[in-house]
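**Q** Here's a structure for you.
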Amino acid sequence: MKIILTAILILCNSFSFAQELHDIIKPLRLQSGYEKEVVISDLFFSEDYSLSFSKHPQIEINHISEKNIINITPDKSFEGLTLITFKHNNKLFDIPTYVEKKISHTFRYTSKTSAEKVYLFGSFNQWNRESHRMIKKENQFELDVPLEPGRYEYKFFVDGKELLDNNNPEQQPNGMGGFNSILTISDEKENKLFLHIIERKTEKGVITFSFELESKKNISLDKNNFFALLNNSSIPKEKIKIHQNKIYVTLESSLLIGRTTLRVAYVDNGITSNMQTIQLFDGVPAGATNSPKTWNDAIMYSVMIDRFYDGDKSNSIPVNHPEIMNPANYNGGDIQGLINKLDEGYFDSLGINLMWISPVNENTNEAFQEYPAPHRYYSGYHGYWPIHHERVEEKFGDMELLKEFINKAHKKGIKVLLDFVANHVHIEHPFWKENRDWFGVLELPDGKKNLRLWDEQRLTTWFEPYLPSFDYVGSSKALEVMTDNAIWWLKQTNADGFRHDAVKHVPNEFWRLLTEKIKREIEIPENKIVYQIGETFGSYELVSSYVNNGQLSSQFNFNLYDVAVPAFSTQETSFKALDNQMQRTFNVYGENHLMGNVVDSHDKVRFMAYADGDVIGDPSELAWSNPPKVDHKSSYYKMKLHLAYILSIPGIPIVYYGDEIGMTGASDPDNRRMMRFGEDISNWESETLYDVRKMVNSRNEISSLRNGDFKTLQADDNFYIYLRSDLNDRVLVVLNKSEKEETFSVEIPVAYNKSLAEDVFTNKKILIENGRLSSIVKPFGYYYFVLK
């Protein structure tokens with residue numbers, strides 16, 4: 001029996017808040033009994049880090065001020081949500097801190113043949129083949145590994161060979177022609193808590209926010225278990241009053257002047273509810289009519305300049321080499337092409353408000369041979385082989401044209417991210433020619449080449465023999481010069497942020513210094529927030545280690561992507577698996593995160609190739625031997641369903657150019673085909689474009705899709721149904737991946753007091769009867785039901 005507990009917060013100013021920090025401190029996430037080192041500058045920016053920490057009854061805190069770090073160790077028996085308090089400039093601040101217990105899982109490897117050394121490796125240890133050696137017990141090898149709830153990919157490394165788990169039938173293609181074994185660790189907690197956001201009322205200068213706690217078990221509210229923070233300060237417990245199942249917290253609206261953030265959550269016996277995060281502007285919630293825009297409102301369009309549109313034929317000069325093939329050469333796209341499409345209103349009609357453009361730096365005019373077999377020749381059409389740090393690639397335009405594009409985009413309400421390459425340069429770059437000591441070495445001490453050793457030599461490996469990687473750990477000069485160069489590009493172009501390439505191959509010290517300079521030189525003086533999104537392939541632990549107030553705003557959520565692609569392209573992967581990964585994302589980043597959600601990227605096989613069944617074996621050779629083409633109309637339905645999902649979940653949705661028409665493609669460079677418009681697109685593609693425009697614009701119009709919470713109502717083989725709610729509206733998202741018409745029926749929380757649901761795409765209206773919403777959904781169909 002579900003117990004609904006009402007919490008009403010009335011905010012007033014009978015006490016004062018200390019609000020002098022530049023950032024809203026993100027929650028820390030700790031594991032019971034495990035020490036974690038935290039760099040304080042990752043929590044918030046300050047010119048002075050003189051601070052002291054209060055003693056905590058369940059958490060040992062060791063503050064090492066000379067290193068500006070804290071070592072934090074929760075008790076083995078403690079779990080739940082708590083606050084770590086510190087004093088800064090004689091004022092108290094609080095860090096929301098989650099403590100979770102890991103679940104031990106025993107991996108077992110059995111073989112009919114004898115084995116000497118068996119290692120376990122996977123997404124939980126950065127695919128390190130040597131860190132987890134298994135223990136031989138009679139006729140099998142075993143290893144206990146503590147894991148958080150979530151989905152993991154893994155293999156065994158047996159006497160130098162990679163092997164699947166032959167006792168586990170669940171497998172998934174790894175994108176390189178092989179498979180990985182799949183393990184799902186479920187949350188074993190019996191009770192679940194969900195804190196619903198209900199409404200906001202204003203009366204006589206006092207603002208009232210109300211919430212309801214949903215619990216599977218009958219519990220009585222205790223004000224000591226309720227956490228409420230305004231910005232970075234805890235609302236004192238004496239200001240929280242409980243009457244029956246209601247909670248009152250008092251603050252006057254005068255304390256909500258400007259931009260503020262209210263965060264509330266409830267914990268019971270170590271079980272924590274979702275944290276409701278409400279961004280406010282003068283007490284009005286973000287997403288309301290005429291409310292200032294935030295990065296949560298962003299809908300990103302990813303453009304590879306050379307492959308989008310040729311607006312200036314005079315600079316369409318491919319590299320002249322007898323062995324280079326057209327897909328690996330310049331195809332003619334340029335900055336003028338982007339300007340032309342801006343002027344035509346293409347991006348306005350699509351509804352996007354943020355563009356990430358591929359690197360604009362000058363690249364080599366020569367062709368170079370790829371190191372791995374079959375050693376094909378490529379040009380630098382993609383922009384990732386820079387030969388100068390301040391010049392724009394002549395085949396794309398020049399600095400003045402780049403500034404014109406960004407200025408025009410801004411006038412249309414579109415922000416622009418530059419793609420910054422911090423990991424390496426091309427051997428023609430003056431930095432390499434004049435400062436060899438800034439770079440790592442290609443030859444390792446054992447004589448092995450340090451090439452493409454993505455995990456073994458993560459911070460020093462070279463991508464190609466002609467792309468030397470910086471050694472930022474060994475060269476403070478390189479660190480200063482390249483972070484200064486990034487600031488130079490922002491100031492010269494007035495761009496709004498960066499997409500950062502190869503983040504995990506660059507040390508954290510680089511991102512910390514760059515972000516410190518961005519805050520000091522741009523954000524604080526100009527009163528703006530610069531958005532930085534990174535590219536990292538790896539575990540949640542590795543990816544999230546770069547996402548904080550002191551480094552990057554976000555990264556692409558490839559961990560979620562890896563489950564979404566098979567979930568939407570095949571019937572084999574259930575939406576339950578996708579929802580498990582979604583919950584893992586929330587556990588790591590929170591619900592109101594800014595992680596980038598992708599359907600496709602320039603480094604991945606396009607979704608349409610999977611949906612159409614074209615990817616069999618190694619997709620890299622498919623690009624050259626038999627480039628995919630779309631044969632089934634149903635593949636376009638799958639693409640639209642996938643985009644309906646991307647455009648309705650928390651985070652920043654990213655439309656890779658061509659997604660809007662259902663473009664297909666195998667591995668690089670086939671996933672970077674020339675964009676097509678107008679008469680060059682088919683009827684199926686035209687229908688897809690029409691529907692994608694409606695989806696994108698629906699996200700722009702519905703606040704809860706950008707700012708709301710997330711509650712899963714159903715996740716199974718066919719349906720993924722979830723609620724998104726904020727203080728402006730509520731939406732029920734229904735996704736059906738079945739090839740047949742299906743019927744759903746879900747319970748709508750009574751506290752919402754809604755009686756009607758209207759789909760934004762069809763205007764279909766359905767009554768909510770006896771607290772339930774039921775309807776038929778067509779094959780590969782989707783609804784965004786606004787609850788009224």
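Chains: A, B, ... in order of the structure tokens. Residues: from 1 per chain. Ligands: from 1, in order shown.
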With a distance cut-off of 6 Å and only C-alpha atoms, select the neighbouring residues of range 284-298 of chain A, excluding the residue or stretch itself and same-chain residues fewer than 3 positions from it, and output the selection as a list in words.
**A** Gln279, Leu280, Phe281, Ser703 and Arg706 of chain A
**Q** From the DSSP assignment of the backbone, select every residue of range 201-288 of chain A that is helix (DSSP H, G or I), and format the answer as a list in words.
**A**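 Here are the helix (DSSP H, G or I) residues of range 201-288 of chain A: Lys223, Asn224, Asn225, Lys237, Glu238, Lys239, Ser253, Ser254, Leu255 and Leu256 of chain A.
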**Q** Using only C-alpha atoms, which residues sit within 9 Å of range 318-333 of chain A once same-chain residues fewer than 6 positions away are excluded, as an mmCIF file with N, CA and C atoms, in the first residue's frame?
**A**
data_model
loop_
_atom_site.group_PDB
_atom_site.id
_atom_site.type_symbol
_atom_site.label_atom_id
_atom_site.label_comp_id
_atom_site.auth_asym_id
_atom_site.auth_seq_id
_atom_site.Cartn_x
_atom_site.Cartn_y
_atom_site.Cartn_z
ATOM 1 N N MET A 304 29.874 18.570 -38.193
ATOM 2 C CA MET A 304 31.218 18.457 -38.731
ATOM 3 C C MET A 304 31.279 19.408 -39.921
ATOM 4 N N ILE A 305 32.047 20.472 -39.779
ATOM 5 C CA ILE A 305 31.995 21.586 -40.734
ATOM 6 C C ILE A 305 32.193 21.119 -42.174
ATOM 7 N N ASP A 306 33.199 20.299 -42.412
ATOM 8 C CA ASP A 306 33.513 19.877 -43.783
ATOM 9 C C ASP A 306 32.398 19.060 -44.413
ATOM 10 N N ARG A 307 31.524 18.472 -43.615
ATOM 11 C CA ARG A 307 30.514 17.559 -44.145
ATOM 12 C C ARG A 307 29.101 18.124 -44.088
ATOM 13 N N PHE A 308 28.963 19.421 -43.809
ATOM 14 C CA PHE A 308 27.613 19.956 -43.657
ATOM 15 C C PHE A 308 27.096 20.659 -44.912
ATOM 16 N N TYR A 309 27.748 21.751 -45.315
ATOM 17 C CA TYR A 309 27.252 22.479 -46.484
ATOM 18 C C TYR A 309 28.371 23.341 -47.056
ATOM 19 N N ASP A 310 28.520 23.288 -48.378
ATOM 20 C CA ASP A 310 29.549 24.060 -49.081
ATOM 21 C C ASP A 310 28.970 25.408 -49.484
ATOM 22 N N GLY A 311 29.357 26.456 -48.752
ATOM 23 C CA GLY A 311 28.844 27.791 -49.036
ATOM 24 C C GLY A 311 29.800 28.652 -49.832
ATOM 25 N N ASP A 312 31.020 28.154 -50.027
ATOM 26 C CA ASP A 312 32.029 28.922 -50.756
ATOM 27 C C ASP A 312 32.877 27.960 -51.573
ATOM 28 N N ASN A 365 47.848 20.301 -44.899
ATOM 29 C CA ASN A 365 47.379 20.160 -46.277
ATOM 30 C C ASN A 365 47.874 18.866 -46.918
ATOM 31 N N GLU A 366 48.498 18.021 -46.124
ATOM 32 C CA GLU A 366 49.031 16.762 -46.644
ATOM 33 C C GLU A 366 48.172 15.579 -46.184
ATOM 34 N N ALA A 367 48.299 14.476 -46.897
ATOM 35 C CA ALA A 367 47.650 13.231 -46.496
ATOM 36 C C ALA A 367 48.624 12.410 -45.657
ATOM 37 N N PHE A 368 48.095 11.733 -44.639
ATOM 38 C CA PHE A 368 48.925 10.896 -43.787
ATOM 39 C C PHE A 368 48.289 9.523 -43.645
ATOM 40 N N ARG A 376 45.279 3.067 -44.528
ATOM 41 C CA ARG A 376 44.705 3.999 -45.510
ATOM 42 C C ARG A 376 45.213 5.421 -45.261
ATOM 43 N N TYR A 377 45.119 6.237 -46.295
ATOM 44 C CA TYR A 377 45.513 7.638 -46.199
ATOM 45 C C TYR A 377 44.303 8.512 -45.869
ATOM 46 N N TYR A 378 44.545 9.504 -45.015
ATOM 47 C CA TYR A 378 43.489 10.436 -44.599
ATOM 48 C C TYR A 378 44.010 11.867 -44.698
ATOM 49 N N SER A 379 43.070 12.784 -44.806
ATOM 50 C CA SER A 379 43.381 14.211 -44.674
ATOM 51 C C SER A 379 42.900 14.666 -43.301
ATOM 52 N N GLY A 380 43.124 15.918 -42.984
ATOM 53 C CA GLY A 380 42.667 16.471 -41.705
ATOM 54 C C GLY A 380 41.332 17.173 -41.829
ATOM 55 N N TYR A 381 40.446 16.676 -42.709
ATOM 56 C CA TYR A 381 39.141 17.306 -42.958
ATOM 57 C C TYR A 381 38.328 17.486 -41.670
ATOM 58 N N HIS A 382 38.528 16.600 -40.697
ATOM 59 C CA HIS A 382 37.750 16.596 -39.460
ATOM 60 C C HIS A 382 38.173 17.675 -38.488
ATOM 61 N N LYS A 395 40.370 26.203 -45.556
ATOM 62 C CA LYS A 395 39.313 25.538 -46.327
ATOM 63 C C LYS A 395 37.937 25.754 -45.703
ATOM 64 N N PHE A 396 37.926 26.243 -44.446
ATOM 65 C CA PHE A 396 36.658 26.550 -43.772
ATOM 66 C C PHE A 396 36.334 28.038 -43.801
ATOM 67 N N ASP A 668 33.757 5.520 -38.863
ATOM 68 C CA ASP A 668 34.517 6.626 -39.445
ATOM 69 C C ASP A 668 35.304 6.135 -40.670
ATOM 70 N N PRO A 669 35.197 6.820 -41.828
ATOM 71 C CA PRO A 669 34.541 8.099 -42.064
ATOM 72 C C PRO A 669 33.118 8.002 -42.631
ATOM 73 N N ASP A 670 32.571 6.778 -42.700
ATOM 74 C CA ASP A 670 31.252 6.613 -43.304
ATOM 75 C C ASP A 670 30.151 7.248 -42.470
ATOM 76 N N ARG A 672 30.316 10.075 -41.396
ATOM 77 C CA ARG A 672 30.498 11.514 -41.610
ATOM 78 C C ARG A 672 30.196 11.870 -43.060
ATOM 79 N N ARG A 673 29.150 11.286 -43.605
ATOM 80 C CA ARG A 673 28.773 11.577 -44.981
ATOM 81 C C ARG A 673 28.337 13.028 -45.126
ATOM 82 N N MET A 674 28.315 13.498 -46.358
ATOM 83 C CA MET A 674 27.891 14.878 -46.618
ATOM 84 C C MET A 674 26.401 15.007 -46.312
#
**Q** Between A:Ser635, A:Ser620, A:Ser253, A:Asn89, which one has atoms that come closest to Lys201 in chain A, using only C-alpha atoms?
**A**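 Ranked by minimum distance to Lys201 in chain A, first place goes to A:Ser253.
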**Q** Could you check the closest approach to Met663 in chain A for each of A:Pro628, A:Gly617, A:Pro386, A:Gly590 and tell me which residue wins, using only C-alpha atoms?
**A** A:Pro628
**Q** From the DSSP assignment of the backbone, select every residue of range 698-782 of chain A that is strand (DSSP E or B), and format the answer as a PyMOL selection string.
**A** chain A and resi 711-715+719-725+730-736+742-747+756-759+765-767+769+772-777+782
**Q** Include C-alpha atoms and write out the residues we just selected as a PDB file, in the first residue's frame.
**A**
ATOM      1  CA  LYS A 711       9.794   8.771 -12.232  1.00  0.00           C
ATOM      2  CA  THR A 712       9.657   5.431 -14.025  1.00  0.00           C
ATOM      3  CA  LEU A 713       6.171   3.935 -14.186  1.00  0.00           C
ATOM      4  CA  GLN A 714       6.862   0.996 -16.512  1.00  0.00           C
ATOM      5  CA  ALA A 715       9.972  -0.492 -18.129  1.00  0.00           C
ATOM      6  CA  PHE A 719       7.197  -0.091 -22.989  1.00  0.00           C
ATOM      7  CA  TYR A 720       9.247   2.636 -21.376  1.00  0.00           C
ATOM      8  CA  ILE A 721       6.846   4.970 -19.572  1.00  0.00           C
ATOM      9  CA  TYR A 722       7.958   7.762 -17.253  1.00  0.00           C
ATOM     10  CA  LEU A 723       6.764  11.006 -15.692  1.00  0.00           C
ATOM     11  CA  ARG A 724       8.611  14.308 -15.879  1.00  0.00           C
ATOM     12  CA  SER A 725       7.387  17.015 -13.479  1.00  0.00           C
ATOM     13  CA  ARG A 730       3.844  17.544 -16.000  1.00  0.00           C
ATOM     14  CA  VAL A 731       4.389  15.180 -18.912  1.00  0.00           C
ATOM     15  CA  LEU A 732       3.852  11.447 -19.232  1.00  0.00           C
ATOM     16  CA  VAL A 733       6.215  10.002 -21.856  1.00  0.00           C
ATOM     17  CA  VAL A 734       5.151   6.715 -23.474  1.00  0.00           C
ATOM     18  CA  LEU A 735       7.539   4.780 -25.743  1.00  0.00           C
ATOM     19  CA  ASN A 736       6.532   1.535 -27.451  1.00  0.00           C
ATOM     20  CA  GLU A 742       0.182  -2.355 -27.804  1.00  0.00           C
ATOM     21  CA  THR A 743      -2.012  -1.194 -24.917  1.00  0.00           C
ATOM     22  CA  PHE A 744      -0.725   0.367 -21.707  1.00  0.00           C
ATOM     23  CA  SER A 745      -2.347   1.352 -18.424  1.00  0.00           C
ATOM     24  CA  VAL A 746      -0.445   3.249 -15.717  1.00  0.00           C
ATOM     25  CA  GLU A 747      -1.277   4.835 -12.394  1.00  0.00           C
ATOM     26  CA  LEU A 756      -6.961  14.764 -18.545  1.00  0.00           C
ATOM     27  CA  ALA A 757      -3.954  13.882 -20.690  1.00  0.00           C
ATOM     28  CA  GLU A 758      -3.313  15.530 -24.078  1.00  0.00           C
ATOM     29  CA  ASP A 759      -0.647  14.347 -26.524  1.00  0.00           C
ATOM     30  CA  LYS A 765      -7.093  13.634 -25.336  1.00  0.00           C
ATOM     31  CA  ILE A 766      -7.624  10.843 -22.811  1.00  0.00           C
ATOM     32  CA  LEU A 767      -9.445  10.980 -19.491  1.00  0.00           C
ATOM     33  CA  GLU A 769     -10.120   7.611 -14.731  1.00  0.00           C
ATOM     34  CA  ARG A 772      -5.210   5.518 -14.269  1.00  0.00           C
ATOM     35  CA  LEU A 773      -4.325   6.500 -17.805  1.00  0.00           C
ATOM     36  CA  SER A 774      -4.833   3.870 -20.505  1.00  0.00           C
ATOM     37  CA  SER A 775      -4.405   3.953 -24.274  1.00  0.00           C
ATOM     38  CA  ILE A 776      -3.354   2.080 -27.398  1.00  0.00           C
ATOM     39  CA  VAL A 777       0.024   2.870 -28.952  1.00  0.00           C
ATOM     40  CA  TYR A 782       5.420   7.490 -28.775  1.00  0.00           C
TER      41      TYR A 782
END
**Q** Give the answer as one residue: which of A:Val543, A:Ile387, A:Val630, A:Ile414 has the shortest atom-to-atom distance to Pro468 in chain A, using only C-alpha atoms?
**A**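 With only C-alpha atoms as the atom set, the closest residue is A:Ile387.
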**Q** Report as a ChimeraX atom specification all protein, DNA and RNA residues lying within 9 Å of Ala115 in chain A, evaluated on only C-alpha atoms, omitting residues in the same chain fewer than 4 positions from it.
**A** /A:111,158-159
**Q** Determine, counting only C-alpha atoms, which protein, DNA and RNA residues have an atom within 8 Å of an atom of Trp127 in chain A; residues of the same chain fewer than 5 positions away are not included. Present the result as a ChimeraX atom specification.
**A** /A:121-122,154,455
**Q** What is the CA of Glu170 in chain A to CA of Asp614 in chain A distance in Å?
**A** 21.4 Å
**Q** Using only C-alpha atoms for the distances, tell me which of A:Leu255, A:Val503, A:Val588, A:Met639 is nearest to Asp612 in chain A.
**A**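 Closest to Asp612 in chain A, using only C-alpha atoms: A:Met639.
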**Q** I'd like to know which of A:Gly351, A:Asn587, A:Ser553, A:Ser469 is closest to Glu541 in chain A, using only C-alpha atoms.
**A**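 Once distances to Glu541 in chain A are computed over only C-alpha atoms, the minimum belongs to A:Asn587.
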**Q** Could you check the closest approach to Val786 in chain A for each of A:Leu229, A:Asp729, A:Ala373, A:Leu262 and tell me which residue wins, using only C-alpha atoms?
**A**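 Of all the options, A:Asp729 lies closest to Val786 in chain A.
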**Q** Neighbours of Lys117 in chain A within 12 Å (only C-alpha atoms; same-chain residues fewer than 2 positions away dropped), as a list of chain:residue names?
**A**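 Non-adjacent residues within range: A:Tyr109, A:Ser114, A:Ala115, A:Tyr119, A:Leu120, A:Arg129, A:Glu130, A:His132, A:Arg133, A:Met134, A:Ile135, A:Lys136, A:Gln140, A:Phe141, A:Glu142, A:Phe156, A:Phe157, A:Val158, A:Asp159, A:Gly160, A:Lys161, A:Glu162.
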**Q** Save the residues we just selected, C-alpha atoms, as a PDB file, in the first residue's frame?
**A**
ATOM      1  CA  TYR A 109      35.457 -18.638 -14.796  1.00  0.00           C
ATOM      2  CA  SER A 114      43.858 -25.819 -17.903  1.00  0.00           C
ATOM      3  CA  ALA A 115      44.551 -22.132 -17.357  1.00  0.00           C
ATOM      4  CA  TYR A 119      42.068 -11.866 -14.989  1.00  0.00           C
ATOM      5  CA  LEU A 120      38.700 -10.141 -14.874  1.00  0.00           C
ATOM      6  CA  ARG A 129      43.610  -6.517 -17.887  1.00  0.00           C
ATOM      7  CA  GLU A 130      45.957  -6.768 -14.903  1.00  0.00           C
ATOM      8  CA  HIS A 132      41.732  -7.996 -11.049  1.00  0.00           C
ATOM      9  CA  ARG A 133      43.478 -11.375 -10.951  1.00  0.00           C
ATOM     10  CA  MET A 134      41.096 -14.238 -10.198  1.00  0.00           C
ATOM     11  CA  ILE A 135      41.796 -16.885  -7.539  1.00  0.00           C
ATOM     12  CA  LYS A 136      41.888 -20.556  -8.486  1.00  0.00           C
ATOM     13  CA  GLN A 140      37.429 -22.810 -11.488  1.00  0.00           C
ATOM     14  CA  PHE A 141      38.646 -19.279 -10.899  1.00  0.00           C
ATOM     15  CA  GLU A 142      36.717 -16.842  -8.676  1.00  0.00           C
ATOM     16  CA  PHE A 156      38.018 -12.713 -18.890  1.00  0.00           C
ATOM     17  CA  PHE A 157      41.676 -12.398 -19.869  1.00  0.00           C
ATOM     18  CA  VAL A 158      42.915 -15.992 -19.865  1.00  0.00           C
ATOM     19  CA  ASP A 159      46.592 -16.614 -20.519  1.00  0.00           C
ATOM     20  CA  GLY A 160      46.719 -13.642 -22.873  1.00  0.00           C
ATOM     21  CA  LYS A 161      43.374 -14.237 -24.627  1.00  0.00           C
ATOM     22  CA  GLU A 162      40.110 -12.307 -24.227  1.00  0.00           C
TER      23      GLU A 162
END
